[in-house]
file query_26.pdb (PDB, N, CA, C and O atoms)
ATOM      1  N   MET A   1     235.953 214.620 -46.577
ATOM      2  CA  MET A   1     237.111 215.321 -46.073
ATOM      3  C   MET A   1     237.375 214.850 -44.645
ATOM      4  O   MET A   1     236.465 214.612 -43.879
ATOM      5  N   GLU A   2     238.625 214.737 -44.283
ATOM      6  CA  GLU A   2     239.001 214.242 -42.963
ATOM      7  C   GLU A   2     238.792 215.291 -41.885
ATOM      8  O   GLU A   2     238.770 216.482 -42.145
ATOM      9  N   GLU A   3     238.679 214.799 -40.663
ATOM     10  CA  GLU A   3     238.592 215.664 -39.491
ATOM     11  C   GLU A   3     239.909 216.433 -39.363
ATOM     12  O   GLU A   3     240.982 215.849 -39.467
ATOM     13  N   PRO A   4     239.849 217.752 -39.164
ATOM     14  CA  PRO A   4     241.073 218.545 -39.015
ATOM     15  C   PRO A   4     241.898 218.098 -37.814
ATOM     16  O   PRO A   4     241.356 217.620 -36.814
ATOM     17  N   GLN A   5     243.210 218.269 -37.903
ATOM     18  CA  GLN A   5     244.113 217.842 -36.846
ATOM     19  C   GLN A   5     244.194 218.836 -35.689
ATOM     20  O   GLN A   5     244.292 218.442 -34.541
ATOM     21  N   ASN A   6     244.174 220.144 -35.991
ATOM     22  CA  ASN A   6     244.352 221.097 -34.899
ATOM     23  C   ASN A   6     243.018 221.481 -34.261
ATOM     24  O   ASN A   6     241.952 221.398 -34.868
ATOM     25  N   VAL A   7     243.088 221.905 -33.018
ATOM     26  CA  VAL A   7     241.902 222.186 -32.212
ATOM     27  C   VAL A   7     241.071 223.313 -32.817
ATOM     28  O   VAL A   7     239.840 223.215 -32.892
ATOM     29  N   ARG A   8     241.715 224.363 -33.261
ATOM     30  CA  ARG A   8     240.993 225.505 -33.815
ATOM     31  C   ARG A   8     240.172 225.096 -35.042
ATOM     32  O   ARG A   8     239.006 225.467 -35.184
ATOM     33  N   SER A   9     240.768 224.317 -35.919
ATOM     34  CA  SER A   9     240.058 223.860 -37.116
ATOM     35  C   SER A   9     238.919 222.920 -36.766
ATOM     36  O   SER A   9     237.853 222.968 -37.391
ATOM     37  N   ARG A  10     239.114 222.079 -35.762
ATOM     38  CA  ARG A  10     238.025 221.182 -35.335
ATOM     39  C   ARG A  10     236.859 221.979 -34.766
ATOM     40  O   ARG A  10     235.702 221.657 -35.024
ATOM     41  N   ARG A  11     237.171 223.034 -34.012
ATOM     42  CA  ARG A  11     236.102 223.876 -33.467
ATOM     43  C   ARG A  11     235.354 224.595 -34.585
ATOM     44  O   ARG A  11     234.125 224.697 -34.552
ATOM     45  N   THR A  12     236.095 225.102 -35.575
ATOM     46  CA  THR A  12     235.463 225.787 -36.700
ATOM     47  C   THR A  12     234.569 224.825 -37.464
ATOM     48  O   THR A  12     233.426 225.150 -37.811
ATOM     49  N   ARG A  13     235.068 223.638 -37.722
ATOM     50  CA  ARG A  13     234.272 222.624 -38.434
ATOM     51  C   ARG A  13     233.002 222.306 -37.657
ATOM     52  O   ARG A  13     231.912 222.210 -38.227
ATOM     53  N   ALA A  14     233.118 222.149 -36.343
ATOM     54  CA  ALA A  14     231.948 221.852 -35.512
ATOM     55  C   ALA A  14     230.950 223.011 -35.558
ATOM     56  O   ALA A  14     229.735 222.772 -35.643
ATOM     57  N   ARG A  15     231.435 224.248 -35.525
ATOM     58  CA  ARG A  15     230.540 225.409 -35.629
ATOM     59  C   ARG A  15     229.814 225.418 -36.961
ATOM     60  O   ARG A  15     228.620 225.726 -37.033
ATOM     61  N   LEU A  16     230.519 225.091 -38.019
ATOM     62  CA  LEU A  16     229.899 225.036 -39.345
ATOM     63  C   LEU A  16     228.820 223.963 -39.402
ATOM     64  O   LEU A  16     227.734 224.195 -39.935
ATOM     65  N   LEU A  17     229.107 222.808 -38.853
ATOM     66  CA  LEU A  17     228.128 221.724 -38.859
ATOM     67  C   LEU A  17     226.915 222.071 -37.998
ATOM     68  O   LEU A  17     225.775 221.783 -38.380
ATOM     69  N   GLU A  18     227.138 222.697 -36.849
ATOM     70  CA  GLU A  18     226.026 223.118 -36.000
ATOM     71  C   GLU A  18     225.175 224.163 -36.710
ATOM     72  O   GLU A  18     223.940 224.107 -36.671
ATOM     73  N   ALA A  19     225.827 225.116 -37.367
ATOM     74  CA  ALA A  19     225.101 226.156 -38.102
ATOM     75  C   ALA A  19     224.290 225.538 -39.238
ATOM     76  O   ALA A  19     223.136 225.912 -39.465
ATOM     77  N   ALA A  20     224.884 224.588 -39.942
ATOM     78  CA  ALA A  20     224.183 223.921 -41.037
ATOM     79  C   ALA A  20     222.959 223.177 -40.508
ATOM     80  O   ALA A  20     221.877 223.245 -41.099
ATOM     81  N   TRP A  21     223.114 222.483 -39.403
ATOM     82  CA  TRP A  21     222.000 221.744 -38.813
ATOM     83  C   TRP A  21     220.891 222.702 -38.383
ATOM     84  O   TRP A  21     219.711 222.472 -38.657
ATOM     85  N   ASP A  22     221.267 223.779 -37.710
ATOM     86  CA  ASP A  22     220.273 224.763 -37.268
ATOM     87  C   ASP A  22     219.510 225.350 -38.449
ATOM     88  O   ASP A  22     218.284 225.485 -38.399
ATOM     89  N   LEU A  23     220.226 225.697 -39.512
ATOM     90  CA  LEU A  23     219.576 226.241 -40.703
ATOM     91  C   LEU A  23     218.655 225.213 -41.358
ATOM     92  O   LEU A  23     217.547 225.538 -41.774
ATOM     93  N   LEU A  24     219.126 223.999 -41.455
ATOM     94  CA  LEU A  24     218.342 222.934 -42.071
ATOM     95  C   LEU A  24     217.033 222.716 -41.322
ATOM     96  O   LEU A  24     215.960 222.619 -41.933
ATOM     97  N   VAL A  25     217.105 222.678 -40.010
ATOM     98  CA  VAL A  25     215.915 222.466 -39.191
ATOM     99  C   VAL A  25     214.984 223.679 -39.251
ATOM    100  O   VAL A  25     213.772 223.527 -39.417
ATOM    101  N   ALA A  26     215.547 224.870 -39.122
ATOM    102  CA  ALA A  26     214.726 226.083 -39.027
ATOM    103  C   ALA A  26     214.175 226.553 -40.370
ATOM    104  O   ALA A  26     213.032 227.010 -40.444
ATOM    105  N   GLU A  27     214.994 226.437 -41.424
ATOM    106  CA  GLU A  27     214.597 227.058 -42.688
ATOM    107  C   GLU A  27     214.537 226.122 -43.884
ATOM    108  O   GLU A  27     214.159 226.524 -44.970
ATOM    109  N   GLY A  28     214.972 224.886 -43.698
ATOM    110  CA  GLY A  28     214.893 223.914 -44.777
ATOM    111  C   GLY A  28     216.150 223.856 -45.628
ATOM    112  O   GLY A  28     217.053 224.680 -45.498
ATOM    113  N   PRO A  29     216.209 222.865 -46.511
ATOM    114  CA  PRO A  29     217.414 222.640 -47.311
ATOM    115  C   PRO A  29     217.750 223.777 -48.278
ATOM    116  O   PRO A  29     218.925 224.045 -48.532
ATOM    117  N   GLU A  30     216.728 224.441 -48.808
ATOM    118  CA  GLU A  30     217.007 225.517 -49.766
ATOM    119  C   GLU A  30     217.780 226.660 -49.118
ATOM    120  O   GLU A  30     218.577 227.324 -49.767
ATOM    121  N   ALA A  31     217.537 226.897 -47.845
ATOM    122  CA  ALA A  31     218.199 227.994 -47.134
ATOM    123  C   ALA A  31     219.577 227.610 -46.621
ATOM    124  O   ALA A  31     220.334 228.470 -46.178
ATOM    125  N   THR A  32     219.908 226.333 -46.680
ATOM    126  CA  THR A  32     221.177 225.858 -46.143
ATOM    127  C   THR A  32     222.253 225.929 -47.221
ATOM    128  O   THR A  32     222.704 224.915 -47.749
ATOM    129  N   THR A  33     222.634 227.149 -47.545
ATOM    130  CA  THR A  33     223.676 227.385 -48.546
ATOM    131  C   THR A  33     225.019 227.554 -47.850
ATOM    132  O   THR A  33     225.074 227.788 -46.635
ATOM    133  N   MET A  34     226.068 227.467 -48.619
ATOM    134  CA  MET A  34     227.406 227.651 -48.055
ATOM    135  C   MET A  34     227.538 229.044 -47.442
ATOM    136  O   MET A  34     228.092 229.200 -46.358
ATOM    137  N   SER A  35     227.027 230.044 -48.126
ATOM    138  CA  SER A  35     227.097 231.414 -47.616
ATOM    139  C   SER A  35     226.318 231.570 -46.321
ATOM    140  O   SER A  35     226.792 232.192 -45.370
ATOM    141  N   ALA A  36     225.110 231.015 -46.290
ATOM    142  CA  ALA A  36     224.275 231.125 -45.095
ATOM    143  C   ALA A  36     224.902 230.399 -43.911
ATOM    144  O   ALA A  36     224.876 230.895 -42.784
ATOM    145  N   VAL A  37     225.477 229.243 -44.166
ATOM    146  CA  VAL A  37     226.139 228.487 -43.099
ATOM    147  C   VAL A  37     227.330 229.285 -42.568
ATOM    148  O   VAL A  37     227.516 229.407 -41.351
ATOM    149  N   GLY A  38     228.118 229.836 -43.466
ATOM    150  CA  GLY A  38     229.263 230.640 -43.038
ATOM    151  C   GLY A  38     228.832 231.826 -42.207
ATOM    152  O   GLY A  38     229.423 232.107 -41.154
ATOM    153  N   LYS A  39     227.807 232.510 -42.655
ATOM    154  CA  LYS A  39     227.315 233.671 -41.923
ATOM    155  C   LYS A  39     226.828 233.276 -40.536
ATOM    156  O   LYS A  39     227.150 233.925 -39.540
ATOM    157  N   ALA A  40     226.068 232.186 -40.462
ATOM    158  CA  ALA A  40     225.541 231.728 -39.178
ATOM    159  C   ALA A  40     226.648 231.282 -38.226
ATOM    160  O   ALA A  40     226.519 231.424 -37.009
ATOM    161  N   ALA A  41     227.733 230.755 -38.774
ATOM    162  CA  ALA A  41     228.845 230.274 -37.948
ATOM    163  C   ALA A  41     229.921 231.335 -37.748
ATOM    164  O   ALA A  41     230.922 231.074 -37.090
ATOM    165  N   ASP A  42     229.711 232.511 -38.338
ATOM    166  CA  ASP A  42     230.689 233.599 -38.291
ATOM    167  C   ASP A  42     232.029 233.165 -38.900
ATOM    168  O   ASP A  42     233.096 233.389 -38.340
ATOM    169  N   VAL A  43     231.919 232.532 -40.058
ATOM    170  CA  VAL A  43     233.079 232.063 -40.817
ATOM    171  C   VAL A  43     232.910 232.587 -42.239
ATOM    172  O   VAL A  43     231.803 232.552 -42.783
ATOM    173  N   SER A  44     233.985 233.052 -42.839
ATOM    174  CA  SER A  44     233.893 233.560 -44.203
ATOM    175  C   SER A  44     233.470 232.442 -45.158
ATOM    176  O   SER A  44     233.661 231.256 -44.871
ATOM    177  N   ARG A  45     232.906 232.830 -46.280
ATOM    178  CA  ARG A  45     232.499 231.837 -47.278
ATOM    179  C   ARG A  45     233.712 231.017 -47.710
ATOM    180  O   ARG A  45     233.631 229.799 -47.877
ATOM    181  N   ARG A  46     234.828 231.694 -47.874
ATOM    182  CA  ARG A  46     236.055 230.987 -48.241
ATOM    183  C   ARG A  46     236.455 229.993 -47.143
ATOM    184  O   ARG A  46     236.909 228.886 -47.420
ATOM    185  N   GLY A  47     236.270 230.395 -45.892
ATOM    186  CA  GLY A  47     236.567 229.497 -44.773
ATOM    187  C   GLY A  47     235.699 228.253 -44.789
ATOM    188  O   GLY A  47     236.160 227.165 -44.456
ATOM    189  N   VAL A  48     234.443 228.423 -45.184
ATOM    190  CA  VAL A  48     233.552 227.263 -45.294
ATOM    191  C   VAL A  48     234.119 226.287 -46.317
ATOM    192  O   VAL A  48     234.201 225.084 -46.073
ATOM    193  N   TYR A  49     234.556 226.839 -47.460
ATOM    194  CA  TYR A  49     235.096 225.985 -48.529
ATOM    195  C   TYR A  49     236.441 225.365 -48.170
ATOM    196  O   TYR A  49     236.828 224.352 -48.752
ATOM    197  N   LEU A  50     237.144 225.921 -47.211
ATOM    198  CA  LEU A  50     238.378 225.285 -46.743
ATOM    199  C   LEU A  50     238.068 224.001 -45.979
ATOM    200  O   LEU A  50     238.868 223.069 -45.972
ATOM    201  N   HIS A  51     236.896 223.959 -45.363
ATOM    202  CA  HIS A  51     236.500 222.769 -44.606
ATOM    203  C   HIS A  51     235.671 221.789 -45.429
ATOM    204  O   HIS A  51     235.750 220.576 -45.219
ATOM    205  N   PHE A  52     234.855 222.317 -46.344
ATOM    206  CA  PHE A  52     233.973 221.487 -47.166
ATOM    207  C   PHE A  52     234.043 221.995 -48.594
ATOM    208  O   PHE A  52     233.713 223.151 -48.851
ATOM    209  N   SER A  53     234.440 221.157 -49.516
ATOM    210  CA  SER A  53     234.653 221.605 -50.893
ATOM    211  C   SER A  53     233.348 221.876 -51.647
ATOM    212  O   SER A  53     233.368 222.523 -52.686
ATOM    213  N   SER A  54     232.227 221.388 -51.107
ATOM    214  CA  SER A  54     230.949 221.591 -51.784
ATOM    215  C   SER A  54     229.810 221.456 -50.783
ATOM    216  O   SER A  54     229.982 220.923 -49.681
ATOM    217  N   ARG A  55     228.649 221.915 -51.183
ATOM    218  CA  ARG A  55     227.457 221.788 -50.342
ATOM    219  C   ARG A  55     227.119 220.320 -50.089
ATOM    220  O   ARG A  55     226.812 219.948 -48.947
ATOM    221  N   PRO A  56     227.153 219.462 -51.127
ATOM    222  CA  PRO A  56     226.891 218.039 -50.849
ATOM    223  C   PRO A  56     227.866 217.446 -49.825
ATOM    224  O   PRO A  56     227.469 216.633 -48.991
ATOM    225  N   GLU A  57     229.120 217.868 -49.879
ATOM    226  CA  GLU A  57     230.089 217.352 -48.905
ATOM    227  C   GLU A  57     229.732 217.828 -47.494
ATOM    228  O   GLU A  57     229.814 217.065 -46.531
ATOM    229  N   LEU A  58     229.328 219.082 -47.363
ATOM    230  CA  LEU A  58     228.900 219.615 -46.071
ATOM    231  C   LEU A  58     227.700 218.840 -45.545
ATOM    232  O   LEU A  58     227.682 218.404 -44.388
ATOM    233  N   LEU A  59     226.700 218.628 -46.390
ATOM    234  CA  LEU A  59     225.497 217.919 -45.954
ATOM    235  C   LEU A  59     225.795 216.458 -45.632
ATOM    236  O   LEU A  59     225.210 215.893 -44.699
ATOM    237  N   ALA A  60     226.712 215.852 -46.362
ATOM    238  CA  ALA A  60     227.097 214.462 -46.069
ATOM    239  C   ALA A  60     227.804 214.368 -44.717
ATOM    240  O   ALA A  60     227.609 213.402 -43.973
ATOM    241  N   ALA A  61     228.610 215.365 -44.387
ATOM    242  CA  ALA A  61     229.306 215.381 -43.101
ATOM    243  C   ALA A  61     228.342 215.653 -41.956
ATOM    244  O   ALA A  61     228.619 215.319 -40.803
ATOM    245  N   LEU A  62     227.219 216.243 -42.278
ATOM    246  CA  LEU A  62     226.235 216.590 -41.259
ATOM    247  C   LEU A  62     225.601 215.346 -40.635
ATOM    248  O   LEU A  62     225.345 215.324 -39.431
ATOM    249  N   ALA A  63     225.355 214.320 -41.408
ATOM    250  CA  ALA A  63     224.679 213.119 -40.892
ATOM    251  C   ALA A  63     225.433 212.476 -39.726
ATOM    252  O   ALA A  63     224.856 212.300 -38.650
ATOM    253  N   PRO A  64     226.715 212.134 -39.886
ATOM    254  CA  PRO A  64     227.400 211.528 -38.740
ATOM    255  C   PRO A  64     227.554 212.498 -37.562
ATOM    256  O   PRO A  64     227.519 212.083 -36.405
ATOM    257  N   HIS A  65     227.695 213.785 -37.861
ATOM    258  CA  HIS A  65     227.812 214.779 -36.795
ATOM    259  C   HIS A  65     226.528 214.812 -35.958
ATOM    260  O   HIS A  65     226.580 214.781 -34.727
ATOM    261  N   VAL A  66     225.386 214.859 -36.623
ATOM    262  CA  VAL A  66     224.106 214.899 -35.924
ATOM    263  C   VAL A  66     223.877 213.585 -35.179
ATOM    264  O   VAL A  66     223.413 213.587 -34.034
ATOM    265  N   ASN A  67     224.207 212.469 -35.799
ATOM    266  CA  ASN A  67     224.069 211.176 -35.121
ATOM    267  C   ASN A  67     224.838 211.167 -33.814
ATOM    268  O   ASN A  67     224.347 210.696 -32.788
ATOM    269  N   GLU A  68     226.060 211.676 -33.847
ATOM    270  CA  GLU A  68     226.900 211.712 -32.651
ATOM    271  C   GLU A  68     226.336 212.682 -31.613
ATOM    272  O   GLU A  68     226.239 212.347 -30.436
ATOM    273  N   GLU A  69     225.952 213.861 -32.055
ATOM    274  CA  GLU A  69     225.434 214.876 -31.134
ATOM    275  C   GLU A  69     224.144 214.427 -30.452
ATOM    276  O   GLU A  69     223.933 214.695 -29.280
ATOM    277  N   LEU A  70     223.285 213.763 -31.173
ATOM    278  CA  LEU A  70     222.003 213.333 -30.627
ATOM    279  C   LEU A  70     222.066 211.963 -29.958
ATOM    280  O   LEU A  70     221.082 211.511 -29.389
ATOM    281  N   GLY A  71     223.199 211.290 -30.069
ATOM    282  CA  GLY A  71     223.341 209.976 -29.452
ATOM    283  C   GLY A  71     222.465 208.918 -30.101
ATOM    284  O   GLY A  71     221.962 208.022 -29.426
ATOM    285  N   LEU A  72     222.283 209.015 -31.413
ATOM    286  CA  LEU A  72     221.384 208.084 -32.094
ATOM    287  C   LEU A  72     221.902 206.641 -32.061
ATOM    288  O   LEU A  72     221.109 205.708 -31.939
ATOM    289  N   GLU A  73     223.187 206.472 -32.143
ATOM    290  CA  GLU A  73     223.750 205.118 -32.127
ATOM    291  C   GLU A  73     223.429 204.424 -30.807
ATOM    292  O   GLU A  73     223.008 203.273 -30.780
ATOM    293  N   ALA A  74     223.604 205.143 -29.697
ATOM    294  CA  ALA A  74     223.310 204.564 -28.382
ATOM    295  C   ALA A  74     221.821 204.266 -28.231
ATOM    296  O   ALA A  74     221.440 203.263 -27.621
ATOM    297  N   SER A  75     220.984 205.127 -28.795
ATOM    298  CA  SER A  75     219.537 204.910 -28.668
ATOM    299  C   SER A  75     219.071 203.695 -29.465
ATOM    300  O   SER A  75     218.005 203.147 -29.190
ATOM    301  N   LEU A  76     219.846 203.269 -30.444
ATOM    302  CA  LEU A  76     219.481 202.102 -31.251
ATOM    303  C   LEU A  76     220.072 200.803 -30.735
ATOM    304  O   LEU A  76     219.779 199.733 -31.272
ATOM    305  N   ALA A  77     220.896 200.877 -29.712
ATOM    306  CA  ALA A  77     221.590 199.679 -29.204
ATOM    307  C   ALA A  77     220.610 198.583 -28.806
ATOM    308  O   ALA A  77     220.821 197.408 -29.164
ATOM    309  N   SER A  78     219.545 198.915 -28.124
ATOM    310  CA  SER A  78     218.603 197.879 -27.690
ATOM    311  C   SER A  78     217.860 197.269 -28.868
ATOM    312  O   SER A  78     217.543 196.075 -28.886
ATOM    313  N   VAL A  79     217.599 198.068 -29.888
ATOM    314  CA  VAL A  79     216.937 197.573 -31.099
ATOM    315  C   VAL A  79     217.847 196.584 -31.817
ATOM    316  O   VAL A  79     217.430 195.499 -32.231
ATOM    317  N   ARG A  80     219.103 196.958 -31.942
ATOM    318  CA  ARG A  80     220.068 196.088 -32.629
ATOM    319  C   ARG A  80     220.366 194.815 -31.845
ATOM    320  O   ARG A  80     220.698 193.789 -32.435
ATOM    321  N   ALA A  81     220.251 194.880 -30.538
ATOM    322  CA  ALA A  81     220.526 193.716 -29.695
ATOM    323  C   ALA A  81     219.337 192.765 -29.623
ATOM    324  O   ALA A  81     219.485 191.621 -29.177
ATOM    325  N   ALA A  82     218.163 193.204 -30.058
ATOM    326  CA  ALA A  82     216.980 192.362 -29.981
ATOM    327  C   ALA A  82     217.126 191.151 -30.903
ATOM    328  O   ALA A  82     217.698 191.255 -31.982
ATOM    329  N   PRO A  83     216.618 190.017 -30.483
ATOM    330  CA  PRO A  83     216.763 188.796 -31.289
ATOM    331  C   PRO A  83     215.992 188.866 -32.614
ATOM    332  O   PRO A  83     216.367 188.220 -33.577
ATOM    333  N   ASP A  84     214.899 189.612 -32.646
ATOM    334  CA  ASP A  84     214.156 189.779 -33.888
ATOM    335  C   ASP A  84     213.353 191.067 -33.814
ATOM    336  O   ASP A  84     213.299 191.731 -32.793
ATOM    337  N   ALA A  85     212.731 191.408 -34.912
ATOM    338  CA  ALA A  85     211.973 192.650 -34.960
ATOM    339  C   ALA A  85     210.756 192.555 -34.091
ATOM    340  O   ALA A  85     210.164 193.456 -33.658
TER     341      ALA A  85
END
call {"tool": "encode", "arguments": {"input": "query_26.pdb", "output": "structure tokens"}}
result
Amino acid sequence: MEEPQNVRSRRTRARLLEAAWDLLVAEGPEATTMSAVGKAADVSRRGVYLHFSSRPELLAALAPHVNEELGLEASLASVRAAPDA
């Protein structure tokens, strides 16, 4: 699913992704349900589904979000620039 155009929707999406990440780290994948993510982000279950049509879609969106938040791409720059392993 594409990044929302309006600011409010982008903030809601970011809250959902942060809540999903927090749940995943603290309680594991089994606890990272759509309902639990919505509750943690203070978004209705229906609101979660407006942003992510399924749990796999939410979890797939989580990877690039976490990479960006943690700066993983920048931390790998020197590794990628190295002439060999």
call {"tool": "atom_distance", "arguments": {"input": "query_26.pdb", "atom1": "atom N of Ser44 of chain A", "atom2": "atom C of Ser9 of chain A"}}
result
12.8 Å
call {"tool": "residues_around", "arguments": {"input": "query_26.pdb", "residues": "segment 66-77 of chain A", "least_positions_apart": "3", "cutoff": "12 Å", "atoms": "only C-alpha atoms", "output": "list in words"}}
result
Ala14, Leu17, Glu18, Ala19, Ala20, Trp21, Asp22, Leu24, Val25, Leu59, Ala60, Ala61, Leu62, Ala63, Arg80, Ala81 and Ala82 of chain A
call {"tool": "residues_around", "arguments": {"input": "query_26.pdb", "residues": "segment 53-58 of chain A", "least_positions_apart": "5", "cutoff": "7 Å", "atoms": "all atoms listed in the file", "output": "VMD selection string"}}
result
chain A and resid 1 17 32 to 34 48 63
call {"tool": "atom_distance", "arguments": {"input": "query_26.pdb", "atom1": "atom CA of Leu23 of chain A", "atom2": "atom C of Val37 of chain A"}}
result
8.5 Å
call {"tool": "closest_residue", "arguments": {"input": "query_26.pdb", "among": "A:Ala26, A:His65, A:Ser78, A:Arg13", "to": "Phe52 of chain A", "atoms": "all atoms listed in the file"}}
result
A:Arg13
call {"tool": "atom_distance", "arguments": {"input": "query_26.pdb", "atom1": "atom CA of Leu16 of chain A", "atom2": "atom C of Arg45 of chain A"}}
result
11.0 Å
call {"tool": "select_by_dssp", "arguments": {"input": "query_26.pdb", "residues": "chain A", "states": "helix (DSSP H, G or I)", "output": "PyMOL selection string"}}
result
chain A and resi 7-27+29-31+34-41+45-51+55-70+72-75+77-81
